[in-house]
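Novice: Before we start, here is the structure in question, set down as structure tokens.
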Amino acid sequence: MIVKMLEKLECGLDYLARFLACISAISAAAITSVICVSVIMRRVANSPLFFAEELVGLLLCVTMMCALPLVTLRNSHIQVTLVVNRLAARGQAIMGALSALVALSFFCWLIWEAVPWMEFAMRLNLKTEATQIPMVPWMMVVPISFSLTALILAVQFLHLLAKSLSKPQLQ
């Protein structure tokens with residue numbers, strides 16, 4: 001019963017992660033567009049877009065942060081599986097649960113650090129240097145992404161823990 005609940009929760013998280021992945025893809029396309037326009041402007045008008053570097057940097061952050069939850073959900077990170085692949089299914093589930101627990105601890109710490117950082121930016125109304133783009137909306141992406149990733153890791157941890165504690169089924 002718990003496993004089925006976790007699977008439904010994971011399905012709901014999949015929708016959120018895919019939505020953020022779409023934002024990531026749009027940001028990547030925007031990066032390409034801004035760079036292309038800036039290069040063309042440099043060659044044609046001898047005047048590149050003055051805001052290109054700042055905007056591309058902000059969009060790159062959005063691209064990476066918004067892709068993170070889906071990559072985590074699909075377990076698509078770079079992995080060293082030399083030992084894990086040699087374990088039985090239960091051992092793999094235990095190692096997966098331990099891995100998710102370590103990653104969850106890491107993301108909780110990152111959230112702990114990111115929220116005050118964002119609050120500081122809100123309090124000072126920080127803007128980029130050259131173009132005065134407000135930083136807060138861009139900075140909000142970080143704790144939102146980390147929180148969704150942490151929630152995904154918590155669900156994966158509980159799912160793997162339930163799987164490793166369940167009795168092996170006869171085939």
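Naming works like this for the structure tokens: A, B, ... for the chains as they're shown, residue 1 at the start of each chain, ligands 1 onward in shown order.
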Fewer than 5 positions away in the same chain doesn't count, so skip those; otherwise give me all residues within 10 Å of A:Leu49, counting only C-alpha atoms, as an mmCIF file with all heavy atoms, in the first residue's frame.

Specialist:
data_model
loop_
_atom_site.group_PDB
_atom_site.id
_atom_site.type_symbol
_atom_site.label_atom_id
_atom_site.label_comp_id
_atom_site.auth_asym_id
_atom_site.auth_seq_id
_atom_site.Cartn_x
_atom_site.Cartn_y
_atom_site.Cartn_z
ATOM 1 N N VAL A 34 20.073 34.486 -27.965
ATOM 2 C CA VAL A 34 20.760 35.710 -27.529
ATOM 3 C C VAL A 34 22.191 35.737 -28.061
ATOM 4 O O VAL A 34 22.659 36.775 -28.552
ATOM 5 C CB VAL A 34 20.734 35.831 -25.982
ATOM 6 C CG1 VAL A 34 21.678 36.922 -25.492
ATOM 7 C CG2 VAL A 34 19.320 36.093 -25.496
ATOM 8 N N ILE A 35 22.872 34.605 -27.995
ATOM 9 C CA ILE A 35 24.251 34.557 -28.486
ATOM 10 C C ILE A 35 24.289 34.785 -29.998
ATOM 11 O O ILE A 35 25.126 35.544 -30.494
ATOM 12 C CB ILE A 35 24.932 33.229 -28.099
ATOM 13 C CG1 ILE A 35 25.170 33.200 -26.587
ATOM 14 C CG2 ILE A 35 26.241 33.042 -28.851
ATOM 15 C CD1 ILE A 35 25.658 31.885 -26.050
ATOM 16 N N VAL A 37 22.095 36.397 -31.916
ATOM 17 C CA VAL A 37 21.773 37.795 -32.210
ATOM 18 C C VAL A 37 22.951 38.694 -31.858
ATOM 19 O O VAL A 37 23.292 39.613 -32.610
ATOM 20 C CB VAL A 37 20.487 38.229 -31.469
ATOM 21 C CG1 VAL A 37 20.284 39.735 -31.545
ATOM 22 C CG2 VAL A 37 19.276 37.498 -32.032
ATOM 23 N N SER A 38 23.591 38.419 -30.739
ATOM 24 C CA SER A 38 24.730 39.228 -30.332
ATOM 25 C C SER A 38 25.886 39.120 -31.321
ATOM 26 O O SER A 38 26.526 40.128 -31.660
ATOM 27 C CB SER A 38 25.198 38.814 -28.934
ATOM 28 O OG SER A 38 26.205 39.674 -28.467
ATOM 29 N N VAL A 39 26.160 37.902 -31.809
ATOM 30 C CA VAL A 39 27.228 37.709 -32.794
ATOM 31 C C VAL A 39 26.887 38.424 -34.097
ATOM 32 O O VAL A 39 27.737 39.106 -34.684
ATOM 33 C CB VAL A 39 27.484 36.198 -33.036
ATOM 34 C CG1 VAL A 39 28.355 35.978 -34.262
ATOM 35 C CG2 VAL A 39 28.111 35.567 -31.811
ATOM 36 N N ILE A 40 25.645 38.299 -34.539
ATOM 37 C CA ILE A 40 25.223 38.974 -35.773
ATOM 38 C C ILE A 40 25.333 40.489 -35.611
ATOM 39 O O ILE A 40 25.834 41.183 -36.504
ATOM 40 C CB ILE A 40 23.794 38.549 -36.173
ATOM 41 C CG1 ILE A 40 23.798 37.074 -36.618
ATOM 42 C CG2 ILE A 40 23.235 39.449 -37.265
ATOM 43 C CD1 ILE A 40 22.413 36.465 -36.769
ATOM 44 N N MET A 41 24.889 40.994 -34.465
ATOM 45 C CA MET A 41 24.973 42.434 -34.206
ATOM 46 C C MET A 41 26.427 42.902 -34.180
ATOM 47 O O MET A 41 26.737 44.004 -34.652
ATOM 48 C CB MET A 41 24.297 42.790 -32.880
ATOM 49 C CG MET A 41 22.789 42.620 -32.886
ATOM 50 S SD MET A 41 21.958 43.796 -33.949
ATOM 51 C CE MET A 41 22.258 45.296 -33.065
ATOM 52 N N ARG A 42 27.305 42.086 -33.635
ATOM 53 C CA ARG A 42 28.721 42.455 -33.598
ATOM 54 C C ARG A 42 29.283 42.553 -35.018
ATOM 55 O O ARG A 42 30.039 43.458 -35.337
ATOM 56 C CB ARG A 42 29.513 41.433 -32.783
ATOM 57 C CG ARG A 42 31.008 41.770 -32.722
ATOM 58 C CD ARG A 42 31.788 40.790 -31.862
ATOM 59 N NE ARG A 42 31.385 40.962 -30.471
ATOM 60 C CZ ARG A 42 30.997 39.961 -29.679
ATOM 61 N NH1 ARG A 42 30.955 38.734 -30.146
ATOM 62 N NH2 ARG A 42 30.652 40.182 -28.441
#

Novice: Could you give me, as an MDAnalysis selection string, each residue of stretch 67-142 of chain A that DSSP assigns to alpha helix (DSSP H) when run on this structure's backbone?

Specialist: chainID A and resid 67:73 89:124 136:142

Novice: Do a neighbour search on stretch 76-93 of chain A at 7 Å with only C-alpha atoms, toss out local chain neighbours closer than 2 positions, and write the hits as JSON, numbers by chain.

Specialist: {"A": [71, 72, 74, 95, 96, 97, 160, 163, 164]}

Novice: Atoms to include: N, CA, C and O atoms. Write the selected residues as a PDB file, in the first residue's frame.

Specialist:
ATOM      1  N   VAL A  71      16.271  15.071 -14.050  1.00  0.00           N
ATOM      2  CA  VAL A  71      17.450  14.197 -14.096  1.00  0.00           C
ATOM      3  C   VAL A  71      17.496  13.332 -12.837  1.00  0.00           C
ATOM      4  O   VAL A  71      17.776  12.135 -12.903  1.00  0.00           O
ATOM      5  N   THR A  72      17.169  13.926 -11.697  1.00  0.00           N
ATOM      6  CA  THR A  72      17.155  13.179 -10.440  1.00  0.00           C
ATOM      7  C   THR A  72      16.034  12.150 -10.437  1.00  0.00           C
ATOM      8  O   THR A  72      16.241  11.000 -10.034  1.00  0.00           O
ATOM      9  N   ARG A  74      14.615  10.641 -12.910  1.00  0.00           N
ATOM     10  CA  ARG A  74      14.896   9.542 -13.845  1.00  0.00           C
ATOM     11  C   ARG A  74      16.213   8.842 -13.547  1.00  0.00           C
ATOM     12  O   ARG A  74      16.621   7.952 -14.290  1.00  0.00           O
ATOM     13  N   MET A  95      21.684   0.055  -1.572  1.00  0.00           N
ATOM     14  CA  MET A  95      22.672   1.040  -2.021  1.00  0.00           C
ATOM     15  C   MET A  95      21.984   2.263  -2.627  1.00  0.00           C
ATOM     16  O   MET A  95      22.425   3.397  -2.419  1.00  0.00           O
ATOM     17  N   GLY A  96      20.907   2.041  -3.367  1.00  0.00           N
ATOM     18  CA  GLY A  96      20.145   3.158  -3.919  1.00  0.00           C
ATOM     19  C   GLY A  96      19.540   4.021  -2.824  1.00  0.00           C
ATOM     20  O   GLY A  96      19.537   5.251  -2.917  1.00  0.00           O
ATOM     21  N   ALA A  97      19.025   3.365  -1.769  1.00  0.00           N
ATOM     22  CA  ALA A  97      18.442   4.104  -0.645  1.00  0.00           C
ATOM     23  C   ALA A  97      19.514   4.915   0.074  1.00  0.00           C
ATOM     24  O   ALA A  97      19.283   6.078   0.432  1.00  0.00           O
ATOM     25  N   LEU A 160      12.747   3.029  -2.206  1.00  0.00           N
ATOM     26  CA  LEU A 160      13.825   2.038  -2.180  1.00  0.00           C
ATOM     27  C   LEU A 160      13.925   1.349  -0.825  1.00  0.00           C
ATOM     28  O   LEU A 160      14.224   0.159  -0.753  1.00  0.00           O
ATOM     29  N   LYS A 163      11.220  -1.148  -0.714  1.00  0.00           N
ATOM     30  CA  LYS A 163      11.583  -2.250  -1.609  1.00  0.00           C
ATOM     31  C   LYS A 163      12.634  -3.168  -0.961  1.00  0.00           C
ATOM     32  O   LYS A 163      12.556  -4.377  -1.064  1.00  0.00           O
ATOM     33  N   SER A 164      13.613  -2.565  -0.291  1.00  0.00           N
ATOM     34  CA  SER A 164      14.680  -3.373   0.318  1.00  0.00           C
ATOM     35  C   SER A 164      14.206  -4.104   1.567  1.00  0.00           C
ATOM     36  O   SER A 164      14.753  -5.150   1.912  1.00  0.00           O
TER      37      SER A 164
END

Novice: A:Cys36, A:Val141, A:Val102, A:Val3: which is nearest A:Thr63, counting only C-alpha atoms?

Specialist: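 Result for the nearest residue to A:Thr63: A:Val141.
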
Novice: Please compute the atom CA of A:Ile152-atom CA of A:Cys66 distance, one decimal, in Å.

Specialist: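 Here the two named atoms are 13.6 Å from each other.
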
Novice: Between A:Leu59, A:Ile111, A:Met1, A:Arg43, which residue has the minimum interatomic distance to A:Ala29, considering only C-alpha atoms?

Specialist: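 Of the candidates, the smallest distance to A:Ala29 is held by A:Leu59.
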